[in-house]
file data.txt (compact mmCIF, C-alpha atoms)
# COMPACT_ATOMS: atom_id res chain seq x y z
CA MET A 1 -3.98 -9.65 19.75
CA ARG A 2 -1.35 -10.09 17.03
CA ILE A 3 -3.53 -8.25 14.53
CA PHE A 4 -4.14 -5.45 17.04
CA LYS A 5 -0.39 -5.19 17.66
CA ASN A 6 0.48 -5.03 13.96
CA TYR A 7 -2.22 -2.46 13.23
CA SER A 8 -1.88 -0.50 16.46
CA GLY A 9 -0.41 2.45 14.56
CA ILE A 10 -3.49 2.62 12.36
CA PHE A 11 -5.81 2.40 15.37
CA TRP A 12 -3.97 5.23 17.13
CA LEU A 13 -4.07 7.31 13.97
CA LEU A 14 -7.79 6.74 13.54
CA GLY A 15 -8.26 7.64 17.19
CA GLY A 16 -6.40 10.91 16.67
CA ILE A 17 -8.45 11.74 13.59
CA ALA A 18 -11.70 10.94 15.41
CA GLY A 19 -10.68 13.05 18.41
CA GLY A 20 -9.70 15.95 16.16
CA SER A 21 -12.98 15.70 14.26
CA ILE A 22 -14.99 15.86 17.48
CA ALA A 23 -12.95 18.87 18.64
CA GLY A 24 -13.60 20.59 15.33
CA LEU A 25 -17.34 19.94 15.54
CA LEU A 26 -17.54 21.22 19.12
CA LEU A 27 -15.21 24.22 18.91
CA GLY A 28 -15.68 25.36 15.32
CA PRO A 29 -13.25 28.05 14.07
CA LYS A 30 -11.78 28.42 17.58
CA VAL A 31 -9.90 25.15 17.03
CA ALA A 32 -7.55 26.98 14.62
CA VAL A 33 -5.31 27.65 17.64
CA ILE A 34 -3.96 24.08 17.42
CA LYS A 35 -3.26 24.20 13.66
CA PRO A 36 0.51 24.82 14.23
CA ILE A 37 0.75 21.33 15.73
CA GLY A 38 -0.42 19.83 12.45
CA ASP A 39 1.89 22.14 10.48
CA ILE A 40 4.92 21.01 12.49
CA PHE A 41 4.09 17.35 11.80
CA LEU A 42 3.75 18.02 8.06
CA ASN A 43 7.03 19.96 7.97
CA LEU A 44 8.82 17.01 9.58
CA LEU A 45 7.49 14.73 6.84
CA PHE A 46 8.55 17.17 4.12
CA THR A 47 12.03 17.35 5.64
CA ALA A 48 12.38 13.57 5.58
CA VAL A 49 10.97 12.89 2.13
CA ILE A 50 14.09 13.67 0.06
CA PRO A 51 16.59 11.34 1.80
CA LEU A 52 13.81 8.79 2.26
CA VAL A 53 13.10 8.53 -1.48
CA PHE A 54 16.78 8.59 -2.45
CA PHE A 55 17.82 5.69 -0.24
CA ALA A 56 14.66 3.66 -1.00
CA ILE A 57 15.14 3.80 -4.78
CA ALA A 58 18.93 3.72 -5.01
CA SER A 59 19.20 0.87 -2.50
CA ALA A 60 16.48 -1.20 -4.21
CA ILE A 61 18.14 -0.97 -7.62
CA ALA A 62 21.67 -1.50 -6.32
CA HIS A 63 20.52 -4.48 -4.27
CA ILE A 64 19.03 -6.24 -7.29
CA GLU A 65 22.42 -6.58 -8.92
CA ALA A 66 24.09 -7.32 -5.62
CA SER A 67 21.84 -10.34 -5.17
CA HIS A 68 21.00 -11.53 -8.70
CA ARG A 69 22.48 -11.29 -12.15
CA LEU A 70 20.23 -9.46 -14.56
CA GLY A 71 18.86 -11.94 -17.06
CA LYS A 72 15.78 -13.40 -18.61
CA VAL A 73 13.97 -13.92 -15.31
CA LEU A 74 14.39 -10.27 -14.33
CA GLY A 75 13.38 -9.14 -17.81
CA ILE A 76 10.13 -11.12 -17.92
CA MET A 77 9.44 -10.30 -14.26
CA SER A 78 9.78 -6.57 -14.95
CA ILE A 79 7.33 -6.76 -17.86
CA VAL A 80 4.83 -8.68 -15.71
CA PHE A 81 5.18 -6.19 -12.85
CA LEU A 82 4.72 -3.22 -15.17
CA CYS A 83 1.71 -4.68 -16.99
CA THR A 84 -0.22 -5.66 -13.85
CA ILE A 85 0.46 -2.28 -12.20
CA LEU A 86 -0.72 -0.38 -15.27
CA ILE A 87 -3.78 -2.60 -15.69
CA SER A 88 -4.83 -2.08 -12.07
CA ALA A 89 -4.23 1.68 -12.40
CA PHE A 90 -6.22 2.05 -15.61
CA LEU A 91 -9.16 -0.03 -14.33
CA THR A 92 -9.20 2.12 -11.18
CA ILE A 93 -9.37 5.26 -13.32
CA VAL A 94 -12.33 3.75 -15.15
CA ALA A 95 -13.98 2.98 -11.79
CA VAL A 96 -13.46 6.61 -10.71
CA TRP A 97 -15.03 7.80 -13.97
CA ILE A 98 -18.04 5.53 -13.46
CA PHE A 99 -18.43 6.52 -9.80
CA PRO A 100 -17.04 10.08 -9.77
CA ILE A 101 -15.98 11.63 -6.49
CA HIS A 102 -18.21 14.65 -5.97
CA GLN A 103 -16.49 16.99 -3.55
CA GLN A 104 -18.91 19.39 -1.89
CA VAL A 105 -16.17 21.45 -0.25
CA THR A 106 -13.11 22.79 -2.05
CA LEU A 107 -10.15 23.20 0.28
CA SER A 108 -8.52 25.77 -1.95
CA HIS A 109 -8.94 27.47 -5.28
CA ALA A 110 -8.17 25.30 -8.26
CA VAL A 111 -4.45 24.75 -8.55
CA ASP A 112 -2.61 24.69 -11.83
CA VAL A 113 -0.72 21.44 -12.22
CA GLU A 114 0.41 22.32 -15.71
CA SER A 115 3.78 23.97 -16.29
CA PRO A 116 3.95 27.00 -18.60
CA GLY A 117 5.81 26.92 -21.87
CA ASN A 118 5.84 24.57 -24.84
CA PHE A 119 5.96 20.79 -24.56
CA GLY A 120 9.73 20.59 -24.78
CA GLU A 121 10.19 23.13 -21.99
CA GLN A 122 7.62 21.35 -19.83
CA LEU A 123 9.36 18.01 -20.39
CA THR A 124 12.76 19.49 -19.56
CA ARG A 125 11.49 21.02 -16.31
CA LEU A 126 9.62 17.85 -15.43
CA LEU A 127 12.61 15.52 -15.84
CA SER A 128 15.66 17.62 -14.97
CA VAL A 129 17.05 20.62 -13.07
CA GLY A 130 19.96 22.92 -13.81
CA GLU A 131 21.74 22.73 -10.45
CA PHE A 132 22.35 19.88 -8.02
CA TYR A 133 20.90 21.76 -5.04
CA GLU A 134 17.57 22.03 -6.88
CA LEU A 135 17.26 18.25 -6.63
CA LEU A 136 16.85 18.63 -2.88
CA SER A 137 13.50 20.41 -3.19
CA ARG A 138 10.33 18.37 -2.94
CA LYS A 139 9.05 20.43 -5.89
CA ASN A 140 11.48 18.57 -8.16
CA MET A 141 10.66 15.00 -7.21
CA LEU A 142 10.78 13.43 -10.68
CA PRO A 143 14.29 14.74 -11.47
CA PHE A 144 15.36 13.58 -8.03
CA ILE A 145 13.90 10.12 -8.62
CA ILE A 146 15.72 9.87 -11.95
CA PHE A 147 18.95 10.87 -10.19
CA SER A 148 18.32 8.21 -7.51
CA VAL A 149 17.75 5.57 -10.19
CA LEU A 150 21.00 6.52 -11.92
CA VAL A 151 22.91 6.34 -8.62
CA GLY A 152 21.45 2.89 -7.99
CA LEU A 153 22.40 1.72 -11.49
CA ALA A 154 25.93 3.08 -11.05
CA ALA A 155 26.27 1.26 -7.72
CA MET A 156 24.98 -1.89 -9.41
CA ARG A 157 27.49 -1.63 -12.27
CA ALA A 158 30.42 -0.91 -9.97
CA GLY A 159 30.55 -4.54 -8.85
CA GLU A 160 33.20 -5.20 -6.23
CA ARG A 161 34.27 -1.56 -6.29
CA GLY A 162 30.80 -0.53 -5.12
CA VAL A 163 30.31 -2.99 -2.26
CA ALA A 164 30.89 -0.39 0.46
CA PHE A 165 28.61 2.11 -1.24
CA ARG A 166 25.83 -0.46 -1.66
CA LYS A 167 26.11 -1.23 2.05
CA PHE A 168 25.83 2.50 2.72
CA LEU A 169 22.68 2.72 0.59
CA TYR A 170 21.15 -0.27 2.36
CA SER A 171 22.01 1.10 5.79
CA GLY A 172 20.72 4.54 4.84
CA ASN A 173 17.44 3.03 3.68
CA GLU A 174 16.99 1.23 6.99
CA VAL A 175 17.80 4.38 8.97
CA MET A 176 15.38 6.51 6.97
CA LYS A 177 12.61 3.94 7.41
CA ASP A 178 13.21 4.15 11.15
CA LEU A 179 13.15 7.94 10.93
CA LEU A 180 9.75 7.73 9.24
CA ALA A 181 8.57 5.43 12.01
CA VAL A 182 9.73 7.95 14.63
CA ILE A 183 7.98 10.84 12.89
CA MET A 184 4.79 8.79 12.55
CA LYS A 185 4.72 8.35 16.32
CA ILE A 186 3.28 11.85 16.53
CA ALA A 187 0.96 11.32 13.54
CA PRO A 188 -2.17 10.81 15.73
CA VAL A 189 -1.58 14.23 17.29
CA GLY A 190 -0.45 15.95 14.09
CA LEU A 191 -3.21 14.65 11.84
CA GLY A 192 -5.72 15.02 14.67
CA ALA A 193 -4.87 18.72 14.90
CA TYR A 194 -5.10 19.11 11.13
CA PHE A 195 -8.45 17.32 10.96
CA ALA A 196 -9.78 19.39 13.84
CA TYR A 197 -8.87 22.54 11.92
CA GLN A 198 -10.45 21.31 8.67
CA VAL A 199 -13.69 20.19 10.30
CA GLY A 200 -13.85 23.33 12.42
CA THR A 201 -13.35 25.70 9.48
CA VAL A 202 -14.78 23.74 6.51
CA GLY A 203 -17.46 21.59 8.08
CA PRO A 204 -18.42 17.94 8.60
CA GLN A 205 -19.41 17.53 4.94
CA LEU A 206 -15.72 16.77 4.43
CA PHE A 207 -16.45 13.18 5.57
CA GLY A 208 -18.53 12.45 2.49
CA THR A 209 -15.53 12.51 0.19
CA TYR A 210 -13.57 10.08 2.36
CA ALA A 211 -16.53 7.68 2.60
CA HIS A 212 -17.01 7.76 -1.18
CA SER A 213 -13.32 7.13 -1.92
CA LEU A 214 -13.15 4.26 0.57
CA GLY A 215 -16.26 2.72 -0.99
CA ILE A 216 -14.61 2.80 -4.41
CA TYR A 217 -11.35 1.36 -3.11
CA TYR A 218 -12.78 -1.53 -1.13
CA GLY A 219 -15.39 -2.29 -3.78
CA PHE A 220 -13.06 -2.24 -6.76
CA GLY A 221 -10.14 -3.66 -4.78
CA THR A 222 -12.16 -6.72 -3.78
CA ILE A 223 -13.28 -7.27 -7.38
CA TYR A 224 -9.71 -6.93 -8.62
CA PHE A 225 -8.48 -9.36 -5.97
CA ILE A 226 -10.99 -12.04 -6.98
CA VAL A 227 -11.57 -11.46 -10.70
CA GLY A 228 -8.26 -9.86 -11.66
CA PHE A 229 -6.04 -12.39 -9.92
CA SER A 230 -8.19 -15.25 -11.25
CA PHE A 231 -7.69 -13.89 -14.77
CA TYR A 232 -3.91 -13.71 -14.29
CA ALA A 233 -3.90 -17.26 -12.90
CA PHE A 234 -5.92 -18.40 -15.94
CA VAL A 235 -3.38 -16.82 -18.29
CA ALA A 236 -0.61 -18.59 -16.39
CA GLY A 237 -2.17 -22.05 -16.24
CA GLY A 238 -5.73 -22.18 -17.53
CA PHE A 239 -8.61 -23.23 -15.30
CA ASN A 240 -6.26 -25.52 -13.39
CA GLY A 241 -4.09 -22.48 -12.71
CA ILE A 242 -7.06 -20.70 -11.10
CA LYS A 243 -7.75 -23.71 -8.90
CA ILE A 244 -4.14 -24.14 -7.79
CA PHE A 245 -3.65 -20.41 -7.19
CA TRP A 246 -6.60 -19.97 -4.85
CA LYS A 247 -5.96 -23.27 -3.10
CA ASN A 248 -2.49 -22.10 -2.11
CA ASN A 249 -3.15 -18.36 -1.73
CA ILE A 250 -5.20 -18.59 1.46
CA ILE A 251 -2.27 -18.70 3.90
CA PRO A 252 -0.42 -15.76 2.26
CA THR A 253 -3.66 -13.74 2.35
CA LEU A 254 -4.18 -14.40 6.05
CA THR A 255 -0.50 -13.68 6.72
CA ALA A 256 -0.77 -10.33 4.93
CA VAL A 257 -3.82 -9.38 7.00
CA GLY A 258 -2.23 -10.46 10.26
CA THR A 259 1.16 -8.80 9.74
CA GLY A 260 0.14 -5.72 7.76
CA SER A 261 3.35 -6.14 5.75
CA SER A 262 4.15 -7.54 2.32
CA ILE A 263 7.75 -8.04 3.48
CA ALA A 264 6.59 -10.23 6.38
CA THR A 265 4.50 -12.27 3.91
CA ILE A 266 7.55 -13.30 1.84
CA PRO A 267 8.10 -16.67 3.63
CA ALA A 268 4.44 -17.65 3.15
CA ASN A 269 4.58 -16.53 -0.48
CA LEU A 270 7.75 -18.53 -1.21
CA GLU A 271 6.13 -21.68 0.08
CA ALA A 272 2.90 -20.93 -1.77
CA VAL A 273 4.46 -20.33 -5.21
CA GLN A 274 6.39 -23.59 -4.90
CA ARG A 275 3.08 -25.39 -4.38
CA MET A 276 1.65 -23.47 -7.32
CA GLY A 277 4.25 -25.10 -9.56
CA VAL A 278 6.62 -22.15 -9.91
CA PRO A 279 10.28 -23.28 -10.10
CA ALA A 280 12.41 -22.17 -7.16
CA SER A 281 14.81 -20.38 -9.53
CA ILE A 282 11.92 -18.09 -10.49
CA GLY A 283 9.96 -17.85 -7.24
CA ASN A 284 13.06 -17.03 -5.18
CA VAL A 285 13.67 -14.01 -7.41
CA VAL A 286 10.15 -12.74 -8.14
CA VAL A 287 8.69 -12.94 -4.63
CA PRO A 288 11.41 -11.04 -2.69
CA LEU A 289 11.79 -8.39 -5.41
CA GLY A 290 8.03 -8.15 -5.81
CA ALA A 291 7.67 -7.24 -2.14
CA THR A 292 9.74 -4.14 -2.90
CA LEU A 293 8.89 -3.31 -6.51
CA HIS A 294 5.43 -4.72 -7.29
CA LYS A 295 2.33 -3.37 -5.53
CA ASP A 296 -1.05 -3.58 -7.24
CA GLY A 297 -2.80 -2.41 -4.07
CA SER A 298 -0.66 0.71 -3.91
CA SER A 299 -1.34 1.35 -7.60
CA ILE A 300 -5.10 1.32 -6.99
CA SER A 301 -4.88 3.49 -3.89
CA SER A 302 -2.59 6.05 -5.54
CA ILE A 303 -5.15 6.63 -8.31
CA ILE A 304 -7.97 7.10 -5.82
CA LYS A 305 -5.88 9.45 -3.70
CA MET A 306 -5.10 11.55 -6.75
CA ALA A 307 -8.77 11.67 -7.76
CA VAL A 308 -9.77 12.80 -4.26
CA VAL A 309 -7.15 15.54 -4.05
CA PHE A 310 -7.97 16.76 -7.55
CA ALA A 311 -11.61 17.03 -6.48
CA MET A 312 -10.72 18.82 -3.26
CA PHE A 313 -8.78 21.43 -5.20
CA GLY A 314 -11.28 21.89 -8.00
CA LYS A 315 -9.36 20.10 -10.75
CA GLY A 316 -10.69 17.62 -13.29
CA PHE A 317 -9.28 14.10 -13.38
CA ASN A 318 -10.16 13.17 -16.94
CA SER A 319 -7.73 14.84 -19.34
CA VAL A 320 -5.35 12.65 -21.35
CA ASP A 321 -2.26 14.34 -19.88
CA THR A 322 -3.52 13.90 -16.32
CA VAL A 323 -4.37 10.22 -16.85
CA LEU A 324 -1.02 9.41 -18.45
CA MET A 325 0.85 11.23 -15.69
CA ALA A 326 -1.22 9.42 -13.05
CA MET A 327 -0.41 6.01 -14.53
CA GLY A 328 3.27 6.90 -14.65
CA ILE A 329 3.19 7.99 -11.02
CA THR A 330 1.60 4.68 -9.97
CA VAL A 331 4.61 2.82 -11.36
CA ILE A 332 6.99 5.06 -9.40
CA VAL A 333 4.85 4.76 -6.26
CA SER A 334 4.94 0.97 -6.51
CA ILE A 335 8.74 1.09 -6.45
CA VAL A 336 9.15 3.81 -3.84
CA GLU A 337 6.65 2.64 -1.24
CA GLY A 338 8.14 0.37 1.41
CA GLY A 339 6.73 -3.10 2.01
CA ILE A 340 6.22 -2.24 5.68
CA PRO A 341 3.18 -1.12 7.68
CA ASN A 342 2.23 2.41 6.56
CA GLY A 343 5.01 2.39 3.97
CA GLY A 344 2.63 4.14 1.59
CA TYR A 345 3.31 7.52 3.18
CA ILE A 346 6.31 7.87 0.87
CA GLY A 347 3.99 7.50 -2.11
CA GLU A 348 1.62 10.15 -0.80
CA LEU A 349 4.46 12.65 -0.50
CA LEU A 350 5.50 11.79 -4.05
CA VAL A 351 2.01 12.26 -5.49
CA MET A 352 1.62 15.64 -3.84
CA SER A 353 5.06 16.84 -4.86
CA VAL A 354 4.86 15.79 -8.52
CA TYR A 355 1.54 17.56 -9.05
CA GLY A 356 2.61 20.61 -7.10
CA PHE A 357 -0.30 20.65 -4.68
CA PRO A 358 -0.05 22.85 -1.57
CA VAL A 359 0.60 21.51 1.90
CA GLU A 360 -3.14 21.05 2.55
CA ALA A 361 -3.14 18.12 0.11
CA LEU A 362 -0.97 15.85 2.25
CA PRO A 363 -3.32 15.05 5.18
CA PRO A 364 -6.15 13.77 2.93
CA LEU A 365 -3.63 11.52 1.18
CA LEU A 366 -2.32 10.23 4.52
CA ILE A 367 -5.81 9.59 5.87
CA ILE A 368 -6.98 7.66 2.80
CA GLY A 369 -3.72 5.71 2.71
CA THR A 370 -4.20 4.71 6.33
CA LEU A 371 -7.78 3.57 5.88
CA VAL A 372 -7.09 1.42 2.80
CA ASP A 373 -3.93 -0.20 4.22
CA PRO A 374 -5.40 -3.66 5.11
CA LEU A 375 -6.74 -4.45 1.63
CA ALA A 376 -3.76 -2.75 -0.02
CA THR A 377 -1.42 -5.07 1.88
CA ILE A 378 -3.35 -8.14 0.69
CA LEU A 379 -3.21 -7.00 -2.93
CA ASN A 380 0.46 -6.01 -2.71
CA ALA A 381 1.59 -9.23 -1.05
CA THR A 382 -0.46 -11.89 -2.85
CA GLY A 383 -0.09 -10.14 -6.20
CA ASP A 384 3.52 -11.35 -6.14
CA ASN A 385 2.31 -14.95 -6.23
CA VAL A 386 0.30 -14.56 -9.40
CA ALA A 387 3.16 -12.50 -10.87
CA ALA A 388 5.51 -15.44 -10.21
CA MET A 389 3.09 -17.74 -12.04
CA LEU A 390 2.97 -15.37 -15.02
CA THR A 391 6.76 -15.01 -15.09
CA ALA A 392 7.15 -18.80 -15.16
CA ARG A 393 4.53 -19.00 -17.90
CA PHE A 394 6.20 -16.51 -20.24
CA LEU A 395 9.84 -17.31 -19.56
CA PRO A 396 11.36 -18.63 -22.80
CA GLY A 397 11.86 -22.35 -22.75
CA ARG A 398 9.36 -22.97 -19.95
CA ALA A 399 5.82 -24.18 -20.00
CA ALA A 400 2.97 -22.93 -17.83
CA ALA A 401 3.63 -22.54 -14.16
CA VAL A 402 1.15 -25.27 -13.35
CA SER A 403 0.39 -28.55 -14.98
call {"tool": "encode", "arguments": {"input": "data.txt", "output": "structure tokens"}}
result
Amino acid sequence: MRIFKNYSGIFWLLGGIAGGSIAGLLLGPKVAVIKPIGDIFLNLLFTAVIPLVFFAIASAIAHIEASHRLGKVLGIMSIVFLCTILISAFLTIVAVWIFPIHQQVTLSHAVDVESPGNFGEQLTRLLSVGEFYELLSRKNMLPFIIFSVLVGLAAMRAGERGVAFRKFLYSGNEVMKDLLAVIMKIAPVGLGAYFAYQVGTVGPQLFGTYAHSLGIYYGFGTIYFIVGFSFYAFVAGGFNGIKIFWKNNIIPTLTAVGTGSSIATIPANLEAVQRMGVPASIGNVVVPLGATLHKDGSSISSIIKMAVVFAMFGKGFNSVDTVLMAMGITVIVSIVEGGIPNGGYIGELLVMSVYGFPVEALPPLLIIGTLVDPLATILNATGDNVAAMLTARFLPGRAAAVS
């Protein structure tokens, strides 16, 4: 019953999608009459994305300094977080290359995700805007994220002078998360209407792409969970590190499944890393921050979502520029996404906005994100434990995390 309660939102969403699919199959093109319902839902999400991202990023960065002094632990932790996220992203790209997603139906003509002009002009447009109001458009997400990071750093550096502002950022983040929760209450109806329209006008062959992407995610995700985490534990403490990690990672794994939240798994993780031999001075920093900033599961899912949407819009997912951009986005997504049930919706909005895909790209991202949430939560939550072991291993002046 607890699992059903924690995942009730996902069950309702799946119910809405299933109902919409049946309506689309039965009514065909006539179902287009309910498309405005789906459009209204998507517009609400687009309206919320800008303040949502700002408060999430600025508050996270400002809170780090408010709680901990930057030092060696944070430095090594950041390197570990970055490396594991990029490794998981690159291996997922390789998996997508080996098992390519063959989309039989293209939702739209191929979209151009490249900006015109020379490299310098592209880089300038990608990272900055000329006027403040341009930051408020979802088409300029990267400049807006950079601005949010700078605001967070400024709040962090302000010290006592910035206490009130940091509280404002924290409060704003909590309010915007609640706003997202309110909007998602109508997600079963909104996505159901969208899916009804897509199935009614495109056809049931649309399901093949979702099945293929889910197969890749759960197949590769399971391998990464077992083999990848074992490798990290080996680097941290040898074969004994593998043994100690898996012996103490069972309860956090079950907690992640039962709660559907990496934030709710923090208490179990703190107890687990202590038993894994990680000093409290390290575990008490890495685990709470990891729940916000470090998400291997989200990294894997973001790559698969991008590959699916690229296929749906007739774009290749194999050029060097596309791959590098995708890996960069996974790092941002890991920071932006909330460690709460369905917190990945922020990341989906980011992916769509950065690449400039039309509004039709969002529902596929939301659907895939919903379906991969259970395994993604396990990877996000328990990945913090092995990251704590690695941080303890590489911290200057310390030996391996386990004896």
call {"tool": "atom_distance", "arguments": {"input": "data.txt", "atom1": "CA of Gly192 in chain A", "atom2": "CA of Gly314 in chain A"}}
result
24.3 Å
call {"tool": "atom_distance", "arguments": {"input": "data.txt", "atom1": "CA of Ile304 in chain A", "atom2": "CA of Asp321 in chain A"}}
result
16.8 Å
call {"tool": "atom_distance", "arguments": {"input": "data.txt", "atom1": "CA of Pro188 in chain A", "atom2": "CA of Pro29 in chain A"}}
result
20.6 Å
call {"tool": "residues_near_point", "arguments": {"input": "data.txt", "point": "(17.2, 15.9, -4.5)", "cutoff": "10 Å", "atoms": "all atoms listed in the file", "output": "list of chain:residue names"}}
result
A:Val49, A:Ile50, A:Pro51, A:Val53, A:Phe54, A:Val129, A:Phe132, A:Tyr133, A:Glu134, A:Leu135, A:Leu136, A:Ser137, A:Arg138, A:Lys139, A:Asn140, A:Met141, A:Leu142, A:Pro143, A:Phe144, A:Ile145, A:Ile146, A:Phe147, A:Ser148
call {"tool": "residues_near_point", "arguments": {"input": "data.txt", "point": "(23.7, -3.1, -10.0)", "cutoff": "6 Å", "atoms": "all atoms listed in the file", "output": "compact mmCIF listing (two decimals) with C-alpha atoms, keeping the file's coordinate frame"}}
result
# COMPACT_ATOMS: atom_id res chain seq x y z
CA ALA A 62 21.67 -1.50 -6.32
CA GLU A 65 22.42 -6.58 -8.92
CA LEU A 153 22.40 1.72 -11.49
CA ALA A 155 26.27 1.26 -7.72
CA MET A 156 24.98 -1.89 -9.41
CA ARG A 157 27.49 -1.63 -12.27
call {"tool": "residues_around", "arguments": {"input": "data.txt", "residues": "Ser262 in chain A", "least_positions_apart": "5", "cutoff": "10 Å", "atoms": "only C-alpha atoms", "output": "JSON, numbers by chain"}}
result
{"A": [252, 253, 255, 256, 257, 269, 287, 288, 290, 291, 292, 295, 338, 339, 340, 341, 376, 377, 378, 379, 380, 381, 382, 383, 384]}
call {"tool": "residues_around", "arguments": {"input": "data.txt", "residues": "range 165-175 of chain A", "least_positions_apart": "6", "cutoff": "7 Å", "atoms": "all atoms listed in the file", "output": "PyMOL selection string"}}
result
chain A and resi 52+55-56+58-59+62+155
call {"tool": "closest_atom_pairs", "arguments": {"input": "data.txt", "of": "range 281-314 of chain A", "to": "range 80-97 of chain A", "cutoff": "6 Å", "atoms": "all atoms listed in the file", "output": "tab-separated table"}}
result
residue	atom	partner	partner_atom	distance
A:His294	CA	A:Phe81	CA	5.8
A:Asp296	CA	A:Ile85	CA	5.3
A:Ser299	CA	A:Ala89	CA	5.6
A:Ile300	CA	A:Ala89	CA	5.5
